[in-house]
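Working notes, beginning with the structure itself.
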Amino acid sequence: MSKQIFVNLPVADLDRAKDFYTGLGYRIDPMFSDENAAAIVISDEISVMLLVHDFFKQFTDQAVADTAVHREVINALSADSRAEVDALLDRALAAGATEPRPAQEEGPMYGRSFLDPDGHLWEVVHMDMSALEG
């Protein structure tokens, strides 16, 4: 059985967050969603759990990070091509994301970043493996 990851993110406005992530082309799993949380399916192995702040606080004794001044995590997704990186960023920007820095290109790696409406940082990266085989 393959391992799965569930990235839990606190959100200020659950409906806005659901609209954002479905705008990226991901789907909501209604079995794990209610008025406090929404399960966003990224792939068979990756889900993002969007949790309203009060619900998120039930799982930790620490304060919810203020993403305007603190970075709690950087989530990185792989992409099969540079075009896929750019397409996901285009959808993210159209859905309300901001792009905090220009595209990064280092050798065989190409990546771009976006901040979702709650300030969570996502990187989308393509690694040209054929360039490493040489």
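We name chains A, B, ... following the order of the structure tokens; residues begin at 1 in each chain, and ligands are numbered from 1 as shown.
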
Counting only C-alpha atoms, what are the residues of stretch 62-84 of chain A within 7 Å of stretch 112-134 of chain A, and for each of them which pair of atoms is the nearest and at what distance in Å, to one decimal? Sort the table by chain and rising number, as a Markdown table.
| residue | atom | partner | partner_atom | distance |
| --- | --- | --- | --- | --- |
| A:Thr67 | CA | A:Gly119 | CA | 5.2 |
| A:Ala68 | CA | A:Gly119 | CA | 6.6 |
| A:Ile74 | CA | A:Leu121 | CA | 5.2 |
| A:Asn75 | CA | A:Trp122 | CA | 4.8 |
| A:Ala76 | CA | A:Glu123 | CA | 4.5 |
| A:Leu77 | CA | A:Val124 | CA | 4.9 |
| A:Ser78 | CA | A:Val125 | CA | 5.0 |
| A:Ala79 | CA | A:His126 | CA | 4.9 |
| A:Asp80 | CA | A:His126 | CA | 6.0 |
| A:Ser81 | CA | A:His126 | CA | 5.6 |
| A:Arg82 | CA | A:His126 | CA | 5.9 |

Can you pull out the residues contacting stretch 43-53 of chain A? Cut-off 10 Å, using only C-alpha atoms, and skip same-chain residues under 4 positions away; I want them as a PDB file with N, CA and C atoms, in the first residue's frame.
ATOM      1  N   SER A   2       0.600   2.175  -0.888  1.00  0.00           N
ATOM      2  CA  SER A   2       1.394   3.394  -0.950  1.00  0.00           C
ATOM      3  C   SER A   2       1.039   4.312   0.213  1.00  0.00           C
ATOM      4  N   LYS A   3       1.976   5.130   0.595  1.00  0.00           N
ATOM      5  CA  LYS A   3       1.764   6.106   1.659  1.00  0.00           C
ATOM      6  C   LYS A   3       1.010   7.296   1.104  1.00  0.00           C
ATOM      7  N   GLN A   4       0.233   7.926   1.958  1.00  0.00           N
ATOM      8  CA  GLN A   4      -0.483   9.135   1.585  1.00  0.00           C
ATOM      9  C   GLN A   4      -0.033  10.260   2.501  1.00  0.00           C
ATOM     10  N   ILE A   5      -0.224  11.484   2.036  1.00  0.00           N
ATOM     11  CA  ILE A   5       0.047  12.647   2.871  1.00  0.00           C
ATOM     12  C   ILE A   5      -1.197  13.525   2.875  1.00  0.00           C
ATOM     13  N   PHE A   6      -1.510  14.030   4.057  1.00  0.00           N
ATOM     14  CA  PHE A   6      -2.620  14.954   4.233  1.00  0.00           C
ATOM     15  C   PHE A   6      -2.029  16.238   4.804  1.00  0.00           C
ATOM     16  N   VAL A   7      -1.961  17.260   3.977  1.00  0.00           N
ATOM     17  CA  VAL A   7      -1.422  18.552   4.386  1.00  0.00           C
ATOM     18  C   VAL A   7      -2.577  19.335   5.005  1.00  0.00           C
ATOM     19  N   ASN A   8      -2.468  19.644   6.290  1.00  0.00           N
ATOM     20  CA  ASN A   8      -3.526  20.361   7.005  1.00  0.00           C
ATOM     21  C   ASN A   8      -3.201  21.848   7.034  1.00  0.00           C
ATOM     22  N   LEU A   9      -4.105  22.658   6.485  1.00  0.00           N
ATOM     23  CA  LEU A   9      -3.880  24.095   6.401  1.00  0.00           C
ATOM     24  C   LEU A   9      -5.027  24.843   7.062  1.00  0.00           C
ATOM     25  N   PRO A  10      -4.704  25.782   7.958  1.00  0.00           N
ATOM     26  CA  PRO A  10      -5.754  26.620   8.525  1.00  0.00           C
ATOM     27  C   PRO A  10      -6.195  27.666   7.504  1.00  0.00           C
ATOM     28  N   VAL A  11      -7.507  27.900   7.432  1.00  0.00           N
ATOM     29  CA  VAL A  11      -8.034  28.890   6.495  1.00  0.00           C
ATOM     30  C   VAL A  11      -9.016  29.805   7.203  1.00  0.00           C
ATOM     31  N   ALA A  12      -9.016  31.057   6.814  1.00  0.00           N
ATOM     32  CA  ALA A  12      -9.910  32.045   7.428  1.00  0.00           C
ATOM     33  C   ALA A  12     -11.330  31.922   6.886  1.00  0.00           C
ATOM     34  N   ASP A  13     -11.459  31.580   5.617  1.00  0.00           N
ATOM     35  CA  ASP A  13     -12.762  31.518   4.963  1.00  0.00           C
ATOM     36  C   ASP A  13     -12.804  30.219   4.152  1.00  0.00           C
ATOM     37  N   LEU A  14     -13.521  29.224   4.652  1.00  0.00           N
ATOM     38  CA  LEU A  14     -13.530  27.904   4.031  1.00  0.00           C
ATOM     39  C   LEU A  14     -14.094  27.940   2.610  1.00  0.00           C
ATOM     40  N   ASP A  15     -15.161  28.670   2.393  1.00  0.00           N
ATOM     41  CA  ASP A  15     -15.736  28.731   1.042  1.00  0.00           C
ATOM     42  C   ASP A  15     -14.761  29.354   0.051  1.00  0.00           C
ATOM     43  N   ALA A  17     -11.502  29.356   0.287  1.00  0.00           N
ATOM     44  CA  ALA A  17     -10.416  28.394   0.090  1.00  0.00           C
ATOM     45  C   ALA A  17     -10.849  27.253  -0.832  1.00  0.00           C
ATOM     46  N   LYS A  18     -12.068  26.760  -0.649  1.00  0.00           N
ATOM     47  CA  LYS A  18     -12.571  25.696  -1.529  1.00  0.00           C
ATOM     48  C   LYS A  18     -12.660  26.195  -2.963  1.00  0.00           C
ATOM     49  N   TYR A  21      -9.022  26.301  -4.487  1.00  0.00           N
ATOM     50  CA  TYR A  21      -8.421  25.019  -4.844  1.00  0.00           C
ATOM     51  C   TYR A  21      -9.191  24.286  -5.935  1.00  0.00           C
ATOM     52  N   TYR A  26      -8.554  20.946  -8.812  1.00  0.00           N
ATOM     53  CA  TYR A  26      -8.640  19.853  -7.853  1.00  0.00           C
ATOM     54  C   TYR A  26     -10.091  19.659  -7.427  1.00  0.00           C
ATOM     55  N   ARG A  27     -10.379  18.489  -6.859  1.00  0.00           N
ATOM     56  CA  ARG A  27     -11.752  18.205  -6.453  1.00  0.00           C
ATOM     57  C   ARG A  27     -11.857  18.078  -4.939  1.00  0.00           C
ATOM     58  N   ILE A  28     -13.062  18.291  -4.443  1.00  0.00           N
ATOM     59  CA  ILE A  28     -13.350  18.152  -3.017  1.00  0.00           C
ATOM     60  C   ILE A  28     -13.868  16.739  -2.769  1.00  0.00           C
ATOM     61  N   ASP A  29     -13.349  16.093  -1.734  1.00  0.00           N
ATOM     62  CA  ASP A  29     -13.850  14.783  -1.328  1.00  0.00           C
ATOM     63  C   ASP A  29     -14.929  15.024  -0.275  1.00  0.00           C
ATOM     64  N   PHE A  32     -14.967  13.620   3.483  1.00  0.00           N
ATOM     65  CA  PHE A  32     -14.139  14.188   4.541  1.00  0.00           C
ATOM     66  C   PHE A  32     -14.281  15.707   4.609  1.00  0.00           C
ATOM     67  N   SER A  33     -15.456  16.204   4.270  1.00  0.00           N
ATOM     68  CA  SER A  33     -15.698  17.644   4.247  1.00  0.00           C
ATOM     69  C   SER A  33     -16.992  17.958   4.988  1.00  0.00           C
ATOM     70  N   ASP A  34     -16.985  19.092   5.679  1.00  0.00           N
ATOM     71  CA  ASP A  34     -18.188  19.579   6.357  1.00  0.00           C
ATOM     72  C   ASP A  34     -18.045  21.084   6.535  1.00  0.00           C
ATOM     73  N   GLU A  35     -18.759  21.682   7.485  1.00  0.00           N
ATOM     74  CA  GLU A  35     -18.694  23.134   7.672  1.00  0.00           C
ATOM     75  C   GLU A  35     -17.384  23.597   8.305  1.00  0.00           C
ATOM     76  N   ASN A  36     -16.578  22.657   8.816  1.00  0.00           N
ATOM     77  CA  ASN A  36     -15.300  23.000   9.444  1.00  0.00           C
ATOM     78  C   ASN A  36     -14.083  22.654   8.602  1.00  0.00           C
ATOM     79  N   ALA A  37     -14.270  21.794   7.619  1.00  0.00           N
ATOM     80  CA  ALA A  37     -13.120  21.292   6.871  1.00  0.00           C
ATOM     81  C   ALA A  37     -13.536  20.869   5.472  1.00  0.00           C
ATOM     82  N   ALA A  38     -12.553  20.880   4.584  1.00  0.00           N
ATOM     83  CA  ALA A  38     -12.755  20.364   3.232  1.00  0.00           C
ATOM     84  C   ALA A  38     -11.500  19.613   2.823  1.00  0.00           C
ATOM     85  N   ALA A  39     -11.705  18.405   2.303  1.00  0.00           N
ATOM     86  CA  ALA A  39     -10.605  17.597   1.800  1.00  0.00           C
ATOM     87  C   ALA A  39     -10.455  17.879   0.306  1.00  0.00           C
ATOM     88  N   LYS A  57      -7.263  24.647  15.478  1.00  0.00           N
ATOM     89  CA  LYS A  57      -6.706  24.820  16.825  1.00  0.00           C
ATOM     90  C   LYS A  57      -6.982  23.633  17.732  1.00  0.00           C
ATOM     91  N   GLN A  58      -7.943  22.785  17.392  1.00  0.00           N
ATOM     92  CA  GLN A  58      -8.226  21.597  18.192  1.00  0.00           C
ATOM     93  C   GLN A  58      -7.119  20.547  18.084  1.00  0.00           C
ATOM     94  N   ALA A  63      -0.259  28.540  18.561  1.00  0.00           N
ATOM     95  CA  ALA A  63      -1.043  29.517  17.798  1.00  0.00           C
ATOM     96  C   ALA A  63      -0.958  29.214  16.303  1.00  0.00           C
ATOM     97  N   VAL A  64      -1.999  29.566  15.591  1.00  0.00           N
ATOM     98  CA  VAL A  64      -1.992  29.476  14.133  1.00  0.00           C
ATOM     99  C   VAL A  64      -1.039  30.554  13.618  1.00  0.00           C
ATOM    100  N   LEU A  77       5.021  20.891  -5.047  1.00  0.00           N
ATOM    101  CA  LEU A  77       4.416  19.893  -5.918  1.00  0.00           C
ATOM    102  C   LEU A  77       5.300  19.708  -7.137  1.00  0.00           C
TER     103      LEU A  77
END

Original post:
Could you write out, as a list in words, all the residues of stretch 77-108 of chain A that DSSP marks as alpha helix (DSSP H)?
Top reply: Arg82, Ala83, Glu84, Val85, Asp86, Ala87, Leu88, Leu89, Asp90, Arg91, Ala92, Leu93 and Ala94 of chain A

Take the residues from that selection and put them in a file with C-alpha atoms, as a PDB file, in the first residue's frame.
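Below is the file part.pdb, written as the result:
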ATOM      1  CA  ARG A  82       7.687  23.398 -17.584  1.00  0.00           C
ATOM      2  CA  ALA A  83       4.360  23.911 -19.349  1.00  0.00           C
ATOM      3  CA  GLU A  84       2.573  22.142 -16.483  1.00  0.00           C
ATOM      4  CA  VAL A  85       4.317  24.446 -13.984  1.00  0.00           C
ATOM      5  CA  ASP A  86       3.198  27.506 -15.918  1.00  0.00           C
ATOM      6  CA  ALA A  87      -0.350  26.186 -16.424  1.00  0.00           C
ATOM      7  CA  LEU A  88      -0.845  25.552 -12.694  1.00  0.00           C
ATOM      8  CA  LEU A  89       0.529  28.996 -11.859  1.00  0.00           C
ATOM      9  CA  ASP A  90      -1.782  30.585 -14.418  1.00  0.00           C
ATOM     10  CA  ARG A  91      -4.773  28.831 -12.816  1.00  0.00           C
ATOM     11  CA  ALA A  92      -3.598  29.820  -9.320  1.00  0.00           C
ATOM     12  CA  LEU A  93      -3.210  33.473 -10.292  1.00  0.00           C
ATOM     13  CA  ALA A  94      -6.621  33.482 -11.997  1.00  0.00           C
TER      14      ALA A  94
END

Subject >> Between atom CA of A:Phe55 and atom CA of A:Pro30 - distance in Å to one decimal >> reply: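 A separation of 17.3 Å between them.
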
**OP:** Choose the residue, out of A:Ile40, A:Met31, A:Gly111, A:Pro100, that has the smallest atom-to-atom separation from A:Asp19; count only C-alpha atoms.
**Re:**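 Result for the nearest residue to A:Asp19: A:Ile40.
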
Subject >> Point-to-point distance from atom CA of A:Ala95 to atom CA of A:Arg16, Å rounded to tenths >> reply: 9.8 Å

Original post:
Of the candidates A:Arg71, A:Gln62, A:Asp54, A:Thr22, which one gets nearest to A:Val41 if we count only C-alpha atoms?
Top reply: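 Residue with the minimum atom-to-atom distance to A:Val41: A:Thr22.
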
**OP:** Just give me the gap between atom CA of A:Phe20 and atom CA of A:Ile42 in Å, one decimal is fine.
**Re:** 13.0 Å

**OP:** Run DSSP on the backbone and give me the residues of stretch 2-129 of chain A it puts in strand (DSSP E or B), as a PyMOL selection string.
**Re:** chain A and resi 5-11+27-29+37-41+46-52+74-78+98+104-106+109-115+121-127
